[in-house]
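K.L.:
Data file start.cif (mmCIF, C-alpha atoms) is appended below.
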data_start
#
loop_
_atom_site.group_PDB
_atom_site.id
_atom_site.type_symbol
_atom_site.label_atom_id
_atom_site.label_comp_id
_atom_site.auth_asym_id
_atom_site.auth_seq_id
_atom_site.Cartn_x
_atom_site.Cartn_y
_atom_site.Cartn_z
ATOM 1 C CA MET A 1 22.399 29.344 -24.202
ATOM 2 C CA ARG A 2 25.272 28.653 -26.565
ATOM 3 C CA ARG A 3 27.531 30.955 -24.573
ATOM 4 C CA VAL A 4 26.633 29.234 -21.309
ATOM 5 C CA VAL A 5 27.456 25.806 -22.770
ATOM 6 C CA PHE A 6 30.784 27.006 -24.144
ATOM 7 C CA ALA A 7 31.637 28.784 -20.900
ATOM 8 C CA ALA A 8 30.862 25.629 -18.900
ATOM 9 C CA LEU A 9 33.021 23.596 -21.285
ATOM 10 C CA ALA A 10 35.865 26.096 -20.919
ATOM 11 C CA VAL A 11 35.671 25.938 -17.125
ATOM 12 C CA LEU A 12 35.640 22.129 -17.160
ATOM 13 C CA ALA A 13 38.573 21.915 -19.565
ATOM 14 C CA ALA A 14 40.561 24.506 -17.609
ATOM 15 C CA GLY A 15 39.857 22.651 -14.372
ATOM 16 C CA GLY A 16 40.991 19.371 -15.905
ATOM 17 C CA ALA A 17 44.131 20.997 -17.275
ATOM 18 C CA PHE A 18 44.934 22.496 -13.868
ATOM 19 C CA TYR A 19 44.450 19.110 -12.178
ATOM 20 C CA LEU A 20 46.735 17.400 -14.694
ATOM 21 C CA ARG A 21 49.386 20.087 -14.273
ATOM 22 C CA GLU A 22 49.332 19.574 -10.513
ATOM 23 C CA ARG A 23 49.606 15.817 -10.954
ATOM 24 C CA SER A 24 52.420 16.283 -13.421
ATOM 25 C CA SER A 25 54.411 18.459 -11.040
ATOM 26 C CA GLU A 26 54.469 15.574 -8.555
ATOM 27 C CA SER A 27 56.226 13.373 -11.100
ATOM 28 C CA SER A 28 60.005 13.189 -11.148
ATOM 29 C CA PHE A 29 59.839 13.558 -14.918
ATOM 30 C CA SER A 30 58.100 16.923 -14.849
ATOM 31 C CA ALA A 31 61.331 18.864 -15.160
ATOM 32 C CA TYR A 32 62.276 17.209 -18.440
ATOM 33 C CA THR A 33 61.450 18.487 -21.875
ATOM 34 C CA ASP A 34 59.740 16.251 -24.438
ATOM 35 C CA ALA A 35 63.046 15.653 -26.233
ATOM 36 C CA GLN A 36 64.762 14.691 -22.974
ATOM 37 C CA LEU A 37 61.911 12.290 -22.202
ATOM 38 C CA ASP A 38 62.419 10.665 -25.616
ATOM 39 C CA THR A 39 66.105 10.194 -24.883
ATOM 40 C CA LEU A 40 65.357 8.782 -21.450
ATOM 41 C CA ALA A 41 62.749 6.392 -22.809
ATOM 42 C CA GLU A 42 65.205 5.152 -25.412
ATOM 43 C CA ALA A 43 67.822 4.570 -22.708
ATOM 44 C CA TYR A 44 65.347 2.622 -20.554
ATOM 45 C CA ARG A 45 64.392 0.464 -23.528
ATOM 46 C CA ALA A 46 68.050 -0.216 -24.266
ATOM 47 C CA VAL A 47 68.573 -1.461 -20.699
ATOM 48 C CA MET A 48 65.481 -3.666 -20.949
ATOM 49 C CA ARG A 49 66.637 -5.100 -24.278
ATOM 50 C CA ALA A 50 70.177 -5.817 -23.073
ATOM 51 C CA PRO A 51 70.961 -9.558 -23.339
ATOM 52 C CA PRO A 52 71.427 -11.403 -20.039
ATOM 53 C CA MET A 53 74.996 -11.841 -18.910
ATOM 54 C CA PRO A 54 76.398 -15.328 -19.305
ATOM 55 C CA GLY A 55 76.891 -17.307 -16.132
ATOM 56 C CA MET B 1 77.592 -6.728 -12.875
ATOM 57 C CA THR B 2 75.880 -9.836 -11.693
ATOM 58 C CA ARG B 3 72.942 -11.381 -13.453
ATOM 59 C CA THR B 4 70.629 -10.461 -10.557
ATOM 60 C CA ALA B 5 71.762 -6.861 -10.623
ATOM 61 C CA GLN B 6 71.170 -6.725 -14.355
ATOM 62 C CA ARG B 7 67.654 -8.111 -13.923
ATOM 63 C CA GLU B 8 66.916 -5.542 -11.223
ATOM 64 C CA ARG B 9 68.192 -2.793 -13.468
ATOM 65 C CA ALA B 10 65.932 -3.967 -16.286
ATOM 66 C CA LEU B 11 63.006 -4.060 -13.895
ATOM 67 C CA ASP B 12 63.770 -0.541 -12.663
ATOM 68 C CA SER B 13 63.960 0.628 -16.247
ATOM 69 C CA GLU B 14 60.598 -0.914 -17.006
ATOM 70 C CA ILE B 15 58.983 0.817 -14.019
ATOM 71 C CA SER B 16 60.620 4.121 -14.918
ATOM 72 C CA LEU B 17 59.501 3.746 -18.508
ATOM 73 C CA ASP B 18 55.922 3.205 -17.336
ATOM 74 C CA ARG B 19 56.052 6.395 -15.266
ATOM 75 C CA LEU B 20 57.662 8.240 -18.133
ATOM 76 C CA GLU B 21 54.858 7.132 -20.491
ATOM 77 C CA ALA B 22 52.288 8.215 -17.909
ATOM 78 C CA GLU B 23 53.933 11.646 -17.806
ATOM 79 C CA ARG B 24 53.808 11.829 -21.604
ATOM 80 C CA ASP B 25 50.113 10.896 -21.596
ATOM 81 C CA ARG B 26 49.422 13.551 -18.965
ATOM 82 C CA ARG B 27 51.176 16.184 -21.050
ATOM 83 C CA LEU B 28 49.207 15.215 -24.139
ATOM 84 C CA ALA B 29 45.921 15.315 -22.209
ATOM 85 C CA LEU B 30 46.881 18.646 -20.665
ATOM 86 C CA ARG B 31 47.613 20.186 -24.072
ATOM 87 C CA SER B 32 44.336 18.804 -25.442
ATOM 88 C CA LEU B 33 42.386 20.262 -22.526
ATOM 89 C CA VAL B 34 44.071 23.640 -22.928
ATOM 90 C CA ALA B 35 43.129 23.576 -26.633
ATOM 91 C CA VAL B 36 39.535 22.635 -25.781
ATOM 92 C CA ALA B 37 39.349 25.401 -23.163
ATOM 93 C CA PHE B 38 40.724 27.921 -25.655
ATOM 94 C CA LEU B 39 38.254 26.866 -28.371
ATOM 95 C CA ALA B 40 35.387 26.957 -25.876
ATOM 96 C CA VAL B 41 36.334 30.502 -24.853
ATOM 97 C CA VAL B 42 36.459 31.490 -28.530
ATOM 98 C CA GLY B 43 33.096 29.787 -29.086
ATOM 99 C CA ALA B 44 31.575 31.630 -26.141
ATOM 100 C CA MET B 45 32.872 34.970 -27.371
ATOM 101 C CA LEU B 46 31.862 34.577 -31.015
ATOM 102 C CA PRO B 47 28.937 36.748 -32.051
ATOM 103 C CA ARG B 48 25.650 35.194 -33.122
ATOM 104 C CA SER B 49 25.647 33.365 -36.406
ATOM 105 C CA ARG B 50 25.261 35.340 -39.619
ATOM 106 C CA ARG B 51 21.984 33.596 -40.311
ATOM 107 C CA ALA B 52 20.507 34.672 -36.981
ATOM 108 C CA ARG B 53 21.648 38.207 -37.624
ATOM 109 C CA ARG B 54 20.144 38.088 -41.107
ATOM 110 C CA ASP B 55 16.873 36.793 -39.654
ATOM 111 C CA ARG B 56 16.832 39.597 -37.120
ATOM 112 C CA GLY B 57 17.505 42.098 -39.919
ATOM 113 C CA GLU B 58 14.677 40.600 -41.935
ATOM 114 C CA GLU B 59 12.394 40.800 -38.934
ATOM 115 C CA ALA B 60 13.340 44.440 -38.369
ATOM 116 C CA ARG B 61 12.588 45.259 -42.023
ATOM 117 C CA LEU B 62 9.198 43.534 -41.823
ATOM 118 C CA ARG B 63 8.424 45.315 -38.589
ATOM 119 C CA GLU B 64 9.389 48.635 -40.147
ATOM 120 C CA ARG B 65 7.211 48.009 -43.189
ATOM 121 C CA PHE B 66 4.149 46.396 -41.636
ATOM 122 C CA GLY B 67 4.381 47.403 -37.992
ATOM 123 C CA ASP B 68 4.588 45.436 -34.784
ATOM 124 C CA PRO B 69 3.114 41.913 -35.314
ATOM 125 C CA VAL B 70 1.579 41.991 -31.843
ATOM 126 C CA LEU B 71 -0.225 45.224 -32.628
ATOM 127 C CA LEU B 72 -1.263 43.856 -36.031
ATOM 128 C CA LEU B 73 -2.749 40.769 -34.405
ATOM 129 C CA GLU B 74 -4.517 42.890 -31.818
ATOM 130 C CA GLY B 75 -5.964 45.052 -34.610
ATOM 131 C CA GLN B 76 -7.166 41.947 -36.443
ATOM 132 C CA ARG B 77 -8.767 40.661 -33.268
ATOM 133 C CA HIS B 78 -10.616 43.939 -32.855
ATOM 134 C CA GLU B 79 -11.842 43.747 -36.454
ATOM 135 C CA ALA B 80 -12.934 40.141 -35.933
ATOM 136 C CA ALA B 81 -14.797 41.070 -32.741
ATOM 137 C CA LYS B 82 -16.474 43.936 -34.553
ATOM 138 C CA LEU B 83 -17.516 41.649 -37.389
ATOM 139 C CA LEU B 84 -19.146 39.178 -34.993
ATOM 140 C CA GLY B 85 -20.506 41.859 -32.684
ATOM 141 C CA VAL B 86 -18.692 40.677 -29.566
ATOM 142 C CA SER B 87 -15.866 41.991 -27.418
ATOM 143 C CA THR B 88 -12.299 40.739 -27.948
ATOM 144 C CA ASP B 89 -12.254 39.038 -24.555
ATOM 145 C CA ALA B 90 -15.661 37.397 -24.923
ATOM 146 C CA PRO B 91 -15.893 33.740 -23.822
ATOM 147 C CA ARG B 92 -15.833 31.022 -26.439
ATOM 148 C CA GLU B 93 -19.534 30.204 -26.011
ATOM 149 C CA VAL B 94 -20.519 33.813 -26.677
ATOM 150 C CA ILE B 95 -18.332 33.952 -29.775
ATOM 151 C CA ASP B 96 -19.754 30.667 -31.091
ATOM 152 C CA ALA B 97 -23.296 31.863 -30.459
ATOM 153 C CA ALA B 98 -22.576 35.162 -32.235
ATOM 154 C CA LEU B 99 -21.115 33.264 -35.189
ATOM 155 C CA ALA B 100 -24.127 30.966 -35.367
ATOM 156 C CA ALA B 101 -26.441 33.985 -35.332
ATOM 157 C CA ARG B 102 -24.465 35.755 -38.036
ATOM 158 C CA LEU B 103 -24.267 32.663 -40.213
ATOM 159 C CA ALA B 104 -28.003 32.217 -39.901
ATOM 160 C CA THR B 105 -28.479 35.636 -41.463
ATOM 161 C CA HIS B 106 -26.135 34.674 -44.260
ATOM 162 C CA ASP B 107 -27.544 31.236 -44.934
ATOM 163 C CA ALA B 108 -26.213 29.835 -48.183
ATOM 164 C CA ARG B 109 -29.374 27.790 -48.784
ATOM 165 C CA SER B 110 -31.444 30.974 -49.015
ATOM 166 C CA LEU B 111 -29.321 32.106 -51.931
ATOM 167 C CA GLU B 112 -30.720 29.637 -54.437
ATOM 168 C CA GLY B 113 -31.565 31.363 -57.667
ATOM 169 C CA ILE B 114 -29.620 34.509 -56.805
ATOM 170 C CA ASP B 115 -26.888 35.931 -58.984
ATOM 171 C CA SER B 116 -23.667 33.916 -58.683
ATOM 172 C CA GLY B 117 -21.629 37.065 -57.951
ATOM 173 C CA LEU B 118 -23.820 37.912 -55.004
ATOM 174 C CA ARG B 119 -23.658 34.298 -53.824
ATOM 175 C CA ARG B 120 -19.911 34.480 -53.872
ATOM 176 C CA VAL B 121 -19.974 37.663 -51.774
ATOM 177 C CA VAL B 122 -22.168 36.003 -49.172
ATOM 178 C CA LYS B 123 -19.938 32.929 -49.105
ATOM 179 C CA ASP B 124 -16.892 35.146 -48.589
ATOM 180 C CA GLN B 125 -18.653 36.891 -45.723
ATOM 181 C CA ARG B 126 -19.470 33.536 -44.101
ATOM 182 C CA LEU B 127 -15.841 32.493 -44.482
ATOM 183 C CA ALA B 128 -14.660 35.792 -42.991
ATOM 184 C CA MET B 129 -16.967 35.272 -39.994
ATOM 185 C CA GLN B 130 -15.639 31.777 -39.406
ATOM 186 C CA ARG B 131 -12.097 33.062 -39.615
ATOM 187 C CA ALA B 132 -12.969 35.856 -37.213
ATOM 188 C CA ARG B 133 -14.336 33.282 -34.782
ATOM 189 C CA ASP B 134 -11.160 31.164 -35.100
ATOM 190 C CA LEU B 135 -8.998 34.209 -34.505
ATOM 191 C CA LEU B 136 -10.934 35.195 -31.397
ATOM 192 C CA VAL B 137 -10.933 31.727 -29.837
ATOM 193 C CA GLY B 138 -7.312 31.223 -30.794
ATOM 194 C CA GLU B 139 -7.695 28.328 -33.201
ATOM 195 C CA ALA B 140 -5.846 27.974 -36.464
ATOM 196 C CA ALA B 141 -8.056 28.757 -39.423
ATOM 197 C CA PRO B 142 -9.071 25.595 -41.302
ATOM 198 C CA GLN B 143 -7.483 25.038 -44.667
ATOM 199 C CA PRO B 144 -9.827 25.805 -47.551
ATOM 200 C CA GLN B 145 -11.239 22.629 -49.024
ATOM 201 C CA GLN B 146 -10.460 21.765 -52.603
#
As structure tokens - that is how I would like this structure written.

P.N.:
Amino acid sequence: MRRVVFAALAVLAAGGAFYLRERSSESSFSAYTDAQLDTLAEAYRAVMRAPPMPG
Amino acid sequence: MTRTAQRERALDSEISLDRLEAERDRRLALRSLVAVAFLAVVGAMLPRSRRARRDRGEEARLRERFGDPVLLLEGQRHEAAKLLGVSTDAPREVIDAALAARLATHDARSLEGIDSGLRRVVKDQRLAMQRARDLLVGEAAPQPQQ
């Protein structure tokens, strides 16, 4: 019984992981590493924080 | 850069940042699910707990020393049937009637004035008959009264 429950959990988790990986590959950010994503996020925040130009 | 262009750029950045955060969340969830799947596989492959194994070992030792519990119970049922003078598969009514007949021959009231040791023997026999009846009809033996 315990083995069946764990096996079912493993299948569910693996299925969820596979689905997320497929979804992730559709994103334009999928090719970036975590460090590159951090850098990108910082750059986006800098643009958003930039003060409006006078005039 | 005009003010409008700057606002559009900020808006684009905000949208991109949202998508980037979504990608981060997906990666985190994916890693968590992989960890859960791995742990579940480990959990499924682990042998039975030590306690269960110990219990099984204990059971094997008891079986080795005293024999198969099923056979022991069957032997006890045969002894009980022999004591009451019925077969092991006799109906409940027959068993009850046999017990009543046996108890009548071991009536405690007829033991007045007899040696207390002998009285005790007869009482033990009556108790053994009642237990034999309970065993044959499949009822738990009543707890001895204080």

K.L.:
How many Å lie between atom CA of Ala40 of chain B and atom CA of Glu21 of chain B, rounded to one decimal?

P.N.:
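Separation between atom CA of Ala40 of chain B and atom CA of Glu21 of chain B: 28.3 Å.
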
K.L.:
With 7 Å as the cut-off and all atoms listed in the file counted, what is the closest atom pair between each nearby residue of chain B and chain A? Distances in Å to one decimal, ordered by chain and number, as a tab-separated table.

P.N.:
residue	atom	partner	partner_atom	distance
B:Arg3	CA	A:Met53	CA	5.8
B:Ala10	CA	A:Met48	CA	4.7
B:Ser13	CA	A:Tyr44	CA	4.9
B:Glu14	CA	A:Met48	CA	6.9
B:Leu17	CA	A:Ala41	CA	6.0
B:Leu20	CA	A:Phe29	CA	6.6
B:Glu23	CA	A:Ser24	CA	6.6
B:Arg26	CA	A:Leu20	CA	6.3
B:Leu30	CA	A:Ala17	CA	5.0
B:Leu33	CA	A:Ala13	CA	5.1
B:Val34	CA	A:Ala17	CA	6.2
B:Val36	CA	A:Ala13	CA	6.3
B:Ala37	CA	A:Ala10	CA	4.2
B:Ala40	CA	A:Phe6	CA	4.9
B:Val41	CA	A:Ala10	CA	5.9
B:Gly43	CA	A:Phe6	CA	6.1
B:Ala44	CA	A:Arg3	CA	4.4

K.L.:
Go ahead and dump the residues you just picked, C-alpha atoms, as a PDB file, in the coordinates of the input.

P.N.:
ATOM      1  CA  ARG B   3      72.942 -11.381 -13.453  1.00  0.00           C
ATOM      2  CA  ALA B  10      65.932  -3.967 -16.286  1.00  0.00           C
ATOM      3  CA  SER B  13      63.960   0.628 -16.247  1.00  0.00           C
ATOM      4  CA  GLU B  14      60.598  -0.914 -17.006  1.00  0.00           C
ATOM      5  CA  LEU B  17      59.501   3.746 -18.508  1.00  0.00           C
ATOM      6  CA  LEU B  20      57.662   8.240 -18.133  1.00  0.00           C
ATOM      7  CA  GLU B  23      53.933  11.646 -17.806  1.00  0.00           C
ATOM      8  CA  ARG B  26      49.422  13.551 -18.965  1.00  0.00           C
ATOM      9  CA  LEU B  30      46.881  18.646 -20.665  1.00  0.00           C
ATOM     10  CA  LEU B  33      42.386  20.262 -22.526  1.00  0.00           C
ATOM     11  CA  VAL B  34      44.071  23.640 -22.928  1.00  0.00           C
ATOM     12  CA  VAL B  36      39.535  22.635 -25.781  1.00  0.00           C
ATOM     13  CA  ALA B  37      39.349  25.401 -23.163  1.00  0.00           C
ATOM     14  CA  ALA B  40      35.387  26.957 -25.876  1.00  0.00           C
ATOM     15  CA  VAL B  41      36.334  30.502 -24.853  1.00  0.00           C
ATOM     16  CA  GLY B  43      33.096  29.787 -29.086  1.00  0.00           C
ATOM     17  CA  ALA B  44      31.575  31.630 -26.141  1.00  0.00           C
TER      18      ALA B  44
END

K.L.:
Report the distance between atom CA of Asp96 of chain B and atom CA of Val122 of chain B in Å, rounded to one decimal place.

P.N.:
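Distance reported for this atom pair: 19.0 Å.
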
K.L.:
Which distance in Å separates atom CA of Leu103 of chain B and atom CA of Gly75 of chain B, to one decimal?

P.N.:
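Separation of atom CA of Leu103 of chain B and atom CA of Gly75 of chain B: 22.8 Å.
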
K.L.:
Report the residues retrieved by the PyMOL selection byres ((chain B and resi 105-109) around 8) from the displayed file, expressed as a list in words.

P.N.:
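Selected by the PyMOL selection byres ((chain B and resi 105-109) around 8) here: Ala101, Arg102, Leu103, Ala104, Ser110, Leu111, Glu112, Arg119, Val122, Lys123, Gln125 and Arg126 of chain B.
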
K.L.:
Those selected residues, please, written with C-alpha atoms and delivered as a compact mmCIF listing (two decimals), in the coordinates of the input.

P.N.:
# COMPACT_ATOMS: atom_id res chain seq x y z
CA ALA B 101 -26.44 33.98 -35.33
CA ARG B 102 -24.46 35.76 -38.04
CA LEU B 103 -24.27 32.66 -40.21
CA ALA B 104 -28.00 32.22 -39.90
CA SER B 110 -31.44 30.97 -49.02
CA LEU B 111 -29.32 32.11 -51.93
CA GLU B 112 -30.72 29.64 -54.44
CA ARG B 119 -23.66 34.30 -53.82
CA VAL B 122 -22.17 36.00 -49.17
CA LYS B 123 -19.94 32.93 -49.10
CA GLN B 125 -18.65 36.89 -45.72
CA ARG B 126 -19.47 33.54 -44.10

K.L.:
For this file, the PyMOL selection byres ((chain B and resi 130) around 10) selects which residues, as JSON, numbers by chain?

P.N.:
{"B": [80, 84, 96, 99, 100, 102, 103, 124, 125, 126, 127, 128, 129, 131, 132, 133, 134, 135, 136, 141, 142]}

K.L.:
For the file shown, what are the residues hit by the PyMOL selection byres ((chain B and resi 92) around 10), laid out as a list of chain:residue names?

P.N.:
B:Asp89, B:Ala90, B:Pro91, B:Glu93, B:Val94, B:Ile95, B:Asp96, B:Ala97, B:Ala98, B:Arg133, B:Asp134, B:Leu136, B:Val137, B:Gly138

K.L.:
Given 4 Å on each side, where is the centre and what are the edge lengths in Å to one decimal of the axis-aligned box enclosing the listed atoms of segment 38-53 of chain A, as lines of an AutoDock Vina configuration file?

P.N.:
center_x = 68.7
center_y = -0.6
center_z = -22.3
size_x = 20.6
size_y = 30.5
size_z = 14.7
